[in-house]
$ cat query_21.txt   # compact mmCIF, C-alpha atoms
# COMPACT_ATOMS: atom_id res chain seq x y z
CA MET A 1 -3.18 88.08 41.25
CA THR A 2 -1.43 89.22 38.07
CA MET A 3 2.17 88.35 37.27
CA VAL A 4 3.23 91.95 37.90
CA GLU A 5 1.52 91.94 41.32
CA LEU A 6 3.06 88.57 42.13
CA THR A 7 6.55 89.77 41.13
CA PHE A 8 6.30 92.89 43.29
CA THR A 9 4.89 90.85 46.18
CA ALA A 10 7.75 88.34 45.87
CA LEU A 11 10.35 91.11 45.80
CA ALA A 12 8.75 92.88 48.76
CA VAL A 13 8.54 89.84 51.02
CA SER A 14 12.08 88.75 50.03
CA MET A 15 13.83 91.92 51.19
CA ASP A 16 14.00 90.93 54.87
CA ALA A 17 15.35 87.52 53.92
CA LEU A 18 17.95 89.17 51.67
CA ALA A 19 19.14 91.38 54.54
CA ALA A 20 19.31 88.38 56.88
CA ALA A 21 21.22 86.37 54.26
CA ALA A 22 23.75 89.19 53.87
CA ALA A 23 24.12 89.39 57.65
CA THR A 24 24.72 85.64 57.74
CA GLY A 25 27.36 85.88 55.02
CA ALA A 26 29.11 88.68 56.90
CA LEU A 27 29.53 86.38 59.90
CA MET A 28 30.96 83.47 57.96
CA LYS A 29 34.69 82.85 57.98
CA ARG A 30 34.65 81.46 54.46
CA VAL A 31 31.68 81.24 52.10
CA ARG A 32 31.30 78.43 49.61
CA LEU A 33 28.70 78.58 46.87
CA ARG A 34 27.10 75.41 48.30
CA GLN A 35 26.66 77.14 51.67
CA ALA A 36 25.24 80.28 50.07
CA MET A 37 22.79 78.14 48.12
CA GLY A 38 21.83 76.32 51.33
CA VAL A 39 21.03 79.60 53.07
CA GLY A 40 19.11 80.77 49.99
CA ALA A 41 17.20 77.48 49.90
CA CYS A 42 16.31 77.73 53.59
CA PHE A 43 14.90 81.24 53.21
CA GLY A 44 13.25 80.36 49.89
CA LEU A 45 11.56 77.28 51.33
CA PHE A 46 9.96 79.24 54.15
CA GLN A 47 8.94 82.06 51.82
CA ALA A 48 7.32 79.44 49.55
CA LEU A 49 5.46 77.62 52.33
CA MET A 50 4.31 80.52 54.48
CA PRO A 51 1.70 81.97 52.06
CA ALA A 52 0.01 78.55 51.90
CA LEU A 53 0.10 78.28 55.69
CA GLY A 54 -1.31 81.79 56.03
CA LEU A 55 -4.03 80.97 53.53
CA ALA A 56 -5.02 77.83 55.42
CA MET A 57 -5.00 79.55 58.80
CA GLY A 58 -6.50 82.80 57.57
CA ARG A 59 -9.74 81.43 56.25
CA GLY A 60 -11.38 81.75 59.64
CA MET A 61 -8.96 83.55 61.90
CA ARG A 62 -7.59 86.52 59.90
CA PRO A 63 -8.34 89.36 62.37
CA SER A 64 -6.80 87.70 65.41
CA LEU A 65 -3.78 86.38 63.47
CA MET A 66 -3.00 89.77 61.95
CA LEU A 67 -2.72 91.20 65.46
CA LEU A 68 0.17 88.87 66.30
CA ASP A 69 2.30 88.44 63.16
CA HIS A 70 4.33 91.63 63.57
CA TRP A 71 4.98 90.94 67.26
CA ALA A 72 6.31 87.47 66.45
CA ALA A 73 8.59 88.79 63.69
CA PHE A 74 9.76 91.64 65.95
CA GLY A 75 10.56 89.26 68.80
CA LEU A 76 12.43 86.72 66.68
CA LEU A 77 14.53 89.33 64.88
CA LEU A 78 15.22 91.13 68.16
CA LEU A 79 16.37 87.86 69.71
CA VAL A 80 18.70 86.85 66.86
CA GLY A 81 20.03 90.36 66.19
CA GLY A 82 20.57 91.05 69.88
CA HIS A 83 22.39 87.75 70.28
CA MET A 84 24.70 88.56 67.34
CA ILE A 85 25.60 91.93 68.87
CA TRP A 86 26.07 90.40 72.32
CA GLU A 87 28.46 87.80 70.87
CA GLU A 88 30.46 90.55 69.17
CA MET A 89 30.65 92.65 72.34
CA HIS A 90 31.59 89.66 74.53
CA PRO A 91 34.10 87.76 72.44
CA GLY A 92 35.04 84.34 73.55
CA PRO A 93 36.64 81.48 71.75
CA ARG A 94 35.25 81.28 68.22
CA LEU A 95 33.33 78.09 67.71
CA PRO A 96 33.65 75.93 64.60
CA GLN A 97 30.66 75.45 62.28
CA GLY A 98 28.47 74.25 65.13
CA ALA A 99 26.04 75.70 67.63
CA GLY A 100 27.52 79.21 67.58
CA SER A 101 27.91 79.20 63.80
CA PRO A 102 26.02 81.52 61.47
CA LEU A 103 24.97 78.32 59.68
CA ALA A 104 23.64 76.57 62.79
CA PRO A 105 20.29 75.01 61.88
CA GLY A 106 18.47 76.59 64.83
CA ARG A 107 19.73 80.06 63.96
CA LEU A 108 18.83 79.69 60.27
CA LEU A 109 15.40 78.35 61.22
CA LEU A 110 14.70 81.34 63.47
CA LEU A 111 15.80 83.76 60.75
CA ALA A 112 13.81 81.95 58.05
CA VAL A 113 10.64 82.01 60.17
CA ALA A 114 11.10 85.63 61.26
CA THR A 115 11.72 86.88 57.73
CA SER A 116 8.87 84.86 56.19
CA LEU A 117 6.10 86.10 58.47
CA ASP A 118 5.26 88.81 55.96
CA ALA A 119 4.78 86.07 53.33
CA TRP A 120 2.50 84.36 55.83
CA ALA A 121 0.53 87.60 56.18
CA VAL A 122 0.19 87.72 52.38
CA GLY A 123 -1.39 84.26 52.55
CA VAL A 124 -3.76 85.40 55.29
CA SER A 125 -4.77 88.38 53.13
CA LEU A 126 -5.28 86.14 50.11
CA ALA A 127 -7.62 83.98 52.18
CA MET A 128 -10.05 86.87 52.15
CA GLY A 129 -9.70 87.69 48.46
CA GLY A 130 -9.04 84.29 46.93
CA GLY A 131 -6.95 83.80 43.86
CA TYR A 132 -4.05 81.97 45.49
CA HIS A 133 -2.38 79.06 43.73
CA ALA A 134 0.49 76.87 44.89
CA CYS A 135 2.60 78.22 42.01
CA HIS A 136 2.44 81.66 43.68
CA GLY A 137 4.29 80.30 46.70
CA LEU A 138 6.81 78.53 44.49
CA PHE A 139 7.45 81.76 42.60
CA ILE A 140 7.92 83.72 45.85
CA GLY A 141 10.30 81.03 47.14
CA GLY A 142 12.25 81.04 43.87
CA VAL A 143 12.66 84.82 43.93
CA THR A 144 13.82 84.64 47.55
CA PHE A 145 16.35 81.91 46.71
CA ALA A 146 17.60 83.93 43.72
CA LEU A 147 18.13 87.01 45.92
CA CYS A 148 19.46 85.35 49.08
CA THR A 149 22.11 83.15 47.50
CA PRO A 150 24.12 86.10 46.13
CA GLY A 151 23.10 88.03 49.27
CA VAL A 152 25.23 85.67 51.38
CA LEU A 153 28.18 86.31 49.06
CA LEU A 154 27.56 90.06 49.26
CA GLY A 155 27.54 89.82 53.05
CA LYS A 156 30.94 88.17 52.95
CA ARG A 157 32.25 91.14 50.94
CA LEU A 158 30.80 93.50 53.55
CA LYS A 159 32.86 91.67 56.14
CA GLY A 160 35.97 92.76 54.23
CA VAL A 161 34.88 96.36 54.77
CA TRP A 162 33.73 95.91 58.39
CA GLY A 163 36.38 93.41 59.42
CA HIS A 164 35.90 91.76 62.78
CA ARG A 165 32.86 93.93 63.53
CA ALA A 166 30.67 92.08 61.03
CA GLY A 167 28.57 90.76 63.93
CA LEU A 168 27.67 94.32 64.87
CA LEU A 169 26.68 95.05 61.28
CA GLY A 170 24.61 91.89 60.93
CA GLY A 171 22.95 92.24 64.33
CA GLY A 172 22.28 95.91 63.67
CA ILE A 173 20.60 95.08 60.36
CA LEU A 174 18.35 92.53 62.07
CA LEU A 175 17.47 94.97 64.86
CA LEU A 176 16.60 97.64 62.30
CA MET A 177 14.40 95.13 60.48
CA ALA A 178 12.65 94.34 63.76
CA VAL A 179 12.02 98.01 64.50
CA ARG A 180 10.81 98.63 60.92
CA ILE A 181 8.33 95.74 61.10
CA LEU A 182 6.97 96.91 64.42
CA ALA A 183 6.77 100.56 63.33
CA GLU A 184 4.94 99.67 60.09
CA HIS A 185 2.29 97.73 61.95
CA LEU A 186 1.90 100.28 64.73
CA VAL A 187 1.51 103.09 62.20
CA ARG A 188 -1.16 101.09 60.36
CA GLY A 189 -2.97 100.67 63.66
CA ILE A 190 -3.09 96.89 63.50

$ encode --input "query_21.txt" --output "structure tokens"
Amino acid sequence: MTMVELTFTALAVSMDALAAAAATGALMKRVRLRQAMGVGACFGLFQALMPALGLAMGRGMRPSLMLLDHWAAFGLLLLVGGHMIWEEMHPGPRLPQGAGSPLAPGRLLLLAVATSLDAWAVGVSLAMGGGYHACHGLFIGGVTFALCTPGVLLGKRLKGVWGHRAGLLGGGILLLMAVRILAEHLVRGI
């Protein structure tokens, strides 16, 4: 894989994470740089690890794994996005930075996994063609971190435009991502 191919691959697989980071920022009451970097690091870590995981798993199981990756991403994004919209439509007492928080570890984990499944699929594909090195995953993770950290801050600015309906915006973005992932794979006939 050339550096140009790697750069375009990193940018492509980072776009879903960037959208999810912006949606997370839109839901936050106040965004600190440390928090934005934490979200960026979470997404970057999964984007860095998933190609290696896909490579390891894909060596013998590529066809059956490729049939499931888009369904898993679709389901996870549908779950998180739907939950965000439901919370916005059924307001209750706002919880502090805890279980209902945009920064809740379980929520971030679900988003990081869902948005890194395309990086996992890249690893599965590389299992067939070879040429993967650990530095590729580190580069992809670094690009994702570099995009998602300011993405959280951008999401916070979007909240200023959308006001209290930021949950609808964020959930809508995640639902659109889910539909896009499913449509891409169905059109390809996988």

$ atom_distance --input "query_21.txt" --atom1 "atom CA of A:Ser116" --atom2 "atom CA of A:Leu45"
9.4 Å

$ atom_distance --input "query_21.txt" --atom1 "atom CA of A:Glu88" --atom2 "atom CA of A:Leu168"
6.4 Å

$ atom_distance --input "query_21.txt" --atom1 "atom CA of A:Thr149" --atom2 "atom CA of A:Gly40"
4.6 Å

$ closest_residue --input "query_21.txt" --among "A:Leu138, A:Met28, A:Val152, A:Ala20" --to "A:Pro51" --atoms "all atoms listed in the file"
A:Leu138

$ closest_residue --input "query_21.txt" --among "A:Cys42, A:Pro150, A:Phe74, A:His83" --to "A:Glu184" --atoms "all atoms listed in the file"
A:Phe74

$ closest_residue --input "query_21.txt" --among "A:Ala10, A:Val179, A:Cys135, A:Leu108" --to "A:Gln47" --atoms "all atoms listed in the file"
A:Ala10

$ closest_residue --input "query_21.txt" --among "A:Leu78, A:Met50, A:Ala112, A:Leu158" --to "A:Leu27" --atoms "only C-alpha atoms"
A:Leu158

$ closest_residue --input "query_21.txt" --among "A:Ala134, A:Leu147, A:Leu111, A:Leu175" --to "A:Ala48" --atoms "only C-alpha atoms"
A:Ala134

$ residues_near_point --input "query_21.txt" --point "(23.8, 79.1, 53.4)" --cutoff "9 Å" --atoms "all atoms listed in the file" --output "PDB file with C-alpha atoms, keeping the file's coordinate frame"
ATOM      1  CA  ALA A  21      21.220  86.370  54.260  1.00  0.00           C
ATOM      2  CA  THR A  24      24.720  85.640  57.740  1.00  0.00           C
ATOM      3  CA  GLY A  25      27.360  85.880  55.020  1.00  0.00           C
ATOM      4  CA  VAL A  31      31.680  81.240  52.100  1.00  0.00           C
ATOM      5  CA  ARG A  32      31.300  78.430  49.610  1.00  0.00           C
ATOM      6  CA  LEU A  33      28.700  78.580  46.870  1.00  0.00           C
ATOM      7  CA  ARG A  34      27.100  75.410  48.300  1.00  0.00           C
ATOM      8  CA  GLN A  35      26.660  77.140  51.670  1.00  0.00           C
ATOM      9  CA  ALA A  36      25.240  80.280  50.070  1.00  0.00           C
ATOM     10  CA  MET A  37      22.790  78.140  48.120  1.00  0.00           C
ATOM     11  CA  GLY A  38      21.830  76.320  51.330  1.00  0.00           C
ATOM     12  CA  VAL A  39      21.030  79.600  53.070  1.00  0.00           C
ATOM     13  CA  GLY A  40      19.110  80.770  49.990  1.00  0.00           C
ATOM     14  CA  ALA A  41      17.200  77.480  49.900  1.00  0.00           C
ATOM     15  CA  CYS A  42      16.310  77.730  53.590  1.00  0.00           C
ATOM     16  CA  PRO A 102      26.020  81.520  61.470  1.00  0.00           C
ATOM     17  CA  LEU A 103      24.970  78.320  59.680  1.00  0.00           C
ATOM     18  CA  LEU A 108      18.830  79.690  60.270  1.00  0.00           C
ATOM     19  CA  CYS A 148      19.460  85.350  49.080  1.00  0.00           C
ATOM     20  CA  THR A 149      22.110  83.150  47.500  1.00  0.00           C
ATOM     21  CA  VAL A 152      25.230  85.670  51.380  1.00  0.00           C
TER      22      VAL A 152
END

$ closest_residue --input "query_21.txt" --among "A:Gly142, A:Leu176, A:Ala119, A:His136" --to "A:Ala12" --atoms "all atoms listed in the file"
A:Ala119

$ residues_around --input "query_21.txt" --residues "A:Leu6" --least-positions-apart "4" --cutoff "9 Å" --atoms "all atoms listed in the file" --output "list of chain:residue names"
A:Met1, A:Thr2, A:Ala10, A:Leu11, A:His136, A:Phe139, A:Ile140

$ build_atoms --input "query_21.txt" --residues "stretch 172-183 of chain A" --atoms "all heavy atoms" --output "PDB file, keeping the file's coordinate frame"
ATOM      1  N   GLY A 172      22.923  94.618  63.848  1.00  0.00           N
ATOM      2  CA  GLY A 172      22.280  95.910  63.670  1.00  0.00           C
ATOM      3  C   GLY A 172      21.245  95.891  62.560  1.00  0.00           C
ATOM      4  O   GLY A 172      20.164  96.467  62.691  1.00  0.00           O
ATOM      5  N   ILE A 173      21.564  95.203  61.457  1.00  0.00           N
ATOM      6  CA  ILE A 173      20.600  95.080  60.360  1.00  0.00           C
ATOM      7  C   ILE A 173      19.345  94.361  60.832  1.00  0.00           C
ATOM      8  O   ILE A 173      18.222  94.791  60.557  1.00  0.00           O
ATOM      9  CB  ILE A 173      21.238  94.330  59.160  1.00  0.00           C
ATOM     10  CG1 ILE A 173      22.274  95.227  58.481  1.00  0.00           C
ATOM     11  CG2 ILE A 173      20.181  93.883  58.155  1.00  0.00           C
ATOM     12  CD1 ILE A 173      23.121  94.501  57.445  1.00  0.00           C
ATOM     13  N   LEU A 174      19.515  93.275  61.580  1.00  0.00           N
ATOM     14  CA  LEU A 174      18.350  92.530  62.070  1.00  0.00           C
ATOM     15  C   LEU A 174      17.539  93.348  63.062  1.00  0.00           C
ATOM     16  O   LEU A 174      16.298  93.311  63.046  1.00  0.00           O
ATOM     17  CB  LEU A 174      18.795  91.202  62.685  1.00  0.00           C
ATOM     18  CG  LEU A 174      19.448  90.215  61.717  1.00  0.00           C
ATOM     19  CD1 LEU A 174      19.838  88.937  62.445  1.00  0.00           C
ATOM     20  CD2 LEU A 174      18.545  89.901  60.543  1.00  0.00           C
ATOM     21  N   LEU A 175      18.202  94.109  63.927  1.00  0.00           N
ATOM     22  CA  LEU A 175      17.470  94.970  64.860  1.00  0.00           C
ATOM     23  C   LEU A 175      16.702  96.060  64.118  1.00  0.00           C
ATOM     24  O   LEU A 175      15.553  96.374  64.477  1.00  0.00           O
ATOM     25  CB  LEU A 175      18.419  95.586  65.889  1.00  0.00           C
ATOM     26  CG  LEU A 175      19.030  94.618  66.899  1.00  0.00           C
ATOM     27  CD1 LEU A 175      19.983  95.359  67.830  1.00  0.00           C
ATOM     28  CD2 LEU A 175      17.967  93.889  67.695  1.00  0.00           C
ATOM     29  N   LEU A 176      17.315  96.631  63.103  1.00  0.00           N
ATOM     30  CA  LEU A 176      16.600  97.640  62.300  1.00  0.00           C
ATOM     31  C   LEU A 176      15.395  97.035  61.591  1.00  0.00           C
ATOM     32  O   LEU A 176      14.338  97.670  61.489  1.00  0.00           O
ATOM     33  CB  LEU A 176      17.551  98.283  61.288  1.00  0.00           C
ATOM     34  CG  LEU A 176      18.580  99.241  61.861  1.00  0.00           C
ATOM     35  CD1 LEU A 176      19.560  99.687  60.775  1.00  0.00           C
ATOM     36  CD2 LEU A 176      17.902 100.447  62.505  1.00  0.00           C
ATOM     37  N   MET A 177      15.543  95.806  61.102  1.00  0.00           N
ATOM     38  CA  MET A 177      14.400  95.130  60.480  1.00  0.00           C
ATOM     39  C   MET A 177      13.287  94.924  61.501  1.00  0.00           C
ATOM     40  O   MET A 177      12.109  95.128  61.185  1.00  0.00           O
ATOM     41  CB  MET A 177      14.849  93.769  59.915  1.00  0.00           C
ATOM     42  CG  MET A 177      15.678  93.877  58.663  1.00  0.00           C
ATOM     43  SD  MET A 177      16.464  92.314  58.132  1.00  0.00           S
ATOM     44  CE  MET A 177      15.229  91.081  58.409  1.00  0.00           C
ATOM     45  N   ALA A 178      13.647  94.544  62.709  1.00  0.00           N
ATOM     46  CA  ALA A 178      12.650  94.340  63.760  1.00  0.00           C
ATOM     47  C   ALA A 178      11.905  95.629  64.061  1.00  0.00           C
ATOM     48  O   ALA A 178      10.668  95.646  64.148  1.00  0.00           O
ATOM     49  CB  ALA A 178      13.324  93.796  65.031  1.00  0.00           C
ATOM     50  N   VAL A 179      12.644  96.714  64.204  1.00  0.00           N
ATOM     51  CA  VAL A 179      12.020  98.010  64.500  1.00  0.00           C
ATOM     52  C   VAL A 179      11.146  98.451  63.332  1.00  0.00           C
ATOM     53  O   VAL A 179      10.030  98.953  63.533  1.00  0.00           O
ATOM     54  CB  VAL A 179      13.109  99.066  64.816  1.00  0.00           C
ATOM     55  CG1 VAL A 179      12.531 100.465  64.864  1.00  0.00           C
ATOM     56  CG2 VAL A 179      13.792  98.718  66.135  1.00  0.00           C
ATOM     57  N   ARG A 180      11.600  98.245  62.096  1.00  0.00           N
ATOM     58  CA  ARG A 180      10.810  98.630  60.920  1.00  0.00           C
ATOM     59  C   ARG A 180       9.491  97.862  60.875  1.00  0.00           C
ATOM     60  O   ARG A 180       8.435  98.439  60.642  1.00  0.00           O
ATOM     61  CB  ARG A 180      11.590  98.383  59.630  1.00  0.00           C
ATOM     62  CG  ARG A 180      10.800  98.797  58.379  1.00  0.00           C
ATOM     63  CD  ARG A 180      11.433  98.297  57.097  1.00  0.00           C
ATOM     64  NE  ARG A 180      11.672  96.873  57.046  1.00  0.00           N
ATOM     65  CZ  ARG A 180      10.747  95.949  56.728  1.00  0.00           C
ATOM     66  NH1 ARG A 180       9.517  96.313  56.464  1.00  0.00           N
ATOM     67  NH2 ARG A 180      11.071  94.677  56.690  1.00  0.00           N
ATOM     68  N   ILE A 181       9.545  96.561  61.114  1.00  0.00           N
ATOM     69  CA  ILE A 181       8.330  95.740  61.100  1.00  0.00           C
ATOM     70  C   ILE A 181       7.352  96.224  62.153  1.00  0.00           C
ATOM     71  O   ILE A 181       6.162  96.412  61.884  1.00  0.00           O
ATOM     72  CB  ILE A 181       8.684  94.252  61.315  1.00  0.00           C
ATOM     73  CG1 ILE A 181       9.335  93.688  60.049  1.00  0.00           C
ATOM     74  CG2 ILE A 181       7.454  93.433  61.699  1.00  0.00           C
ATOM     75  CD1 ILE A 181       9.948  92.318  60.231  1.00  0.00           C
ATOM     76  N   LEU A 182       7.844  96.457  63.352  1.00  0.00           N
ATOM     77  CA  LEU A 182       6.970  96.910  64.420  1.00  0.00           C
ATOM     78  C   LEU A 182       6.400  98.296  64.115  1.00  0.00           C
ATOM     79  O   LEU A 182       5.197  98.530  64.270  1.00  0.00           O
ATOM     80  CB  LEU A 182       7.722  96.931  65.753  1.00  0.00           C
ATOM     81  CG  LEU A 182       6.881  97.257  66.982  1.00  0.00           C
ATOM     82  CD1 LEU A 182       5.767  96.240  67.165  1.00  0.00           C
ATOM     83  CD2 LEU A 182       7.757  97.314  68.216  1.00  0.00           C
ATOM     84  N   ALA A 183       7.236  99.192  63.644  1.00  0.00           N
ATOM     85  CA  ALA A 183       6.770 100.560  63.330  1.00  0.00           C
ATOM     86  C   ALA A 183       5.717 100.537  62.226  1.00  0.00           C
ATOM     87  O   ALA A 183       4.708 101.251  62.327  1.00  0.00           O
ATOM     88  CB  ALA A 183       7.958 101.434  62.933  1.00  0.00           C
TER      89      ALA A 183
END
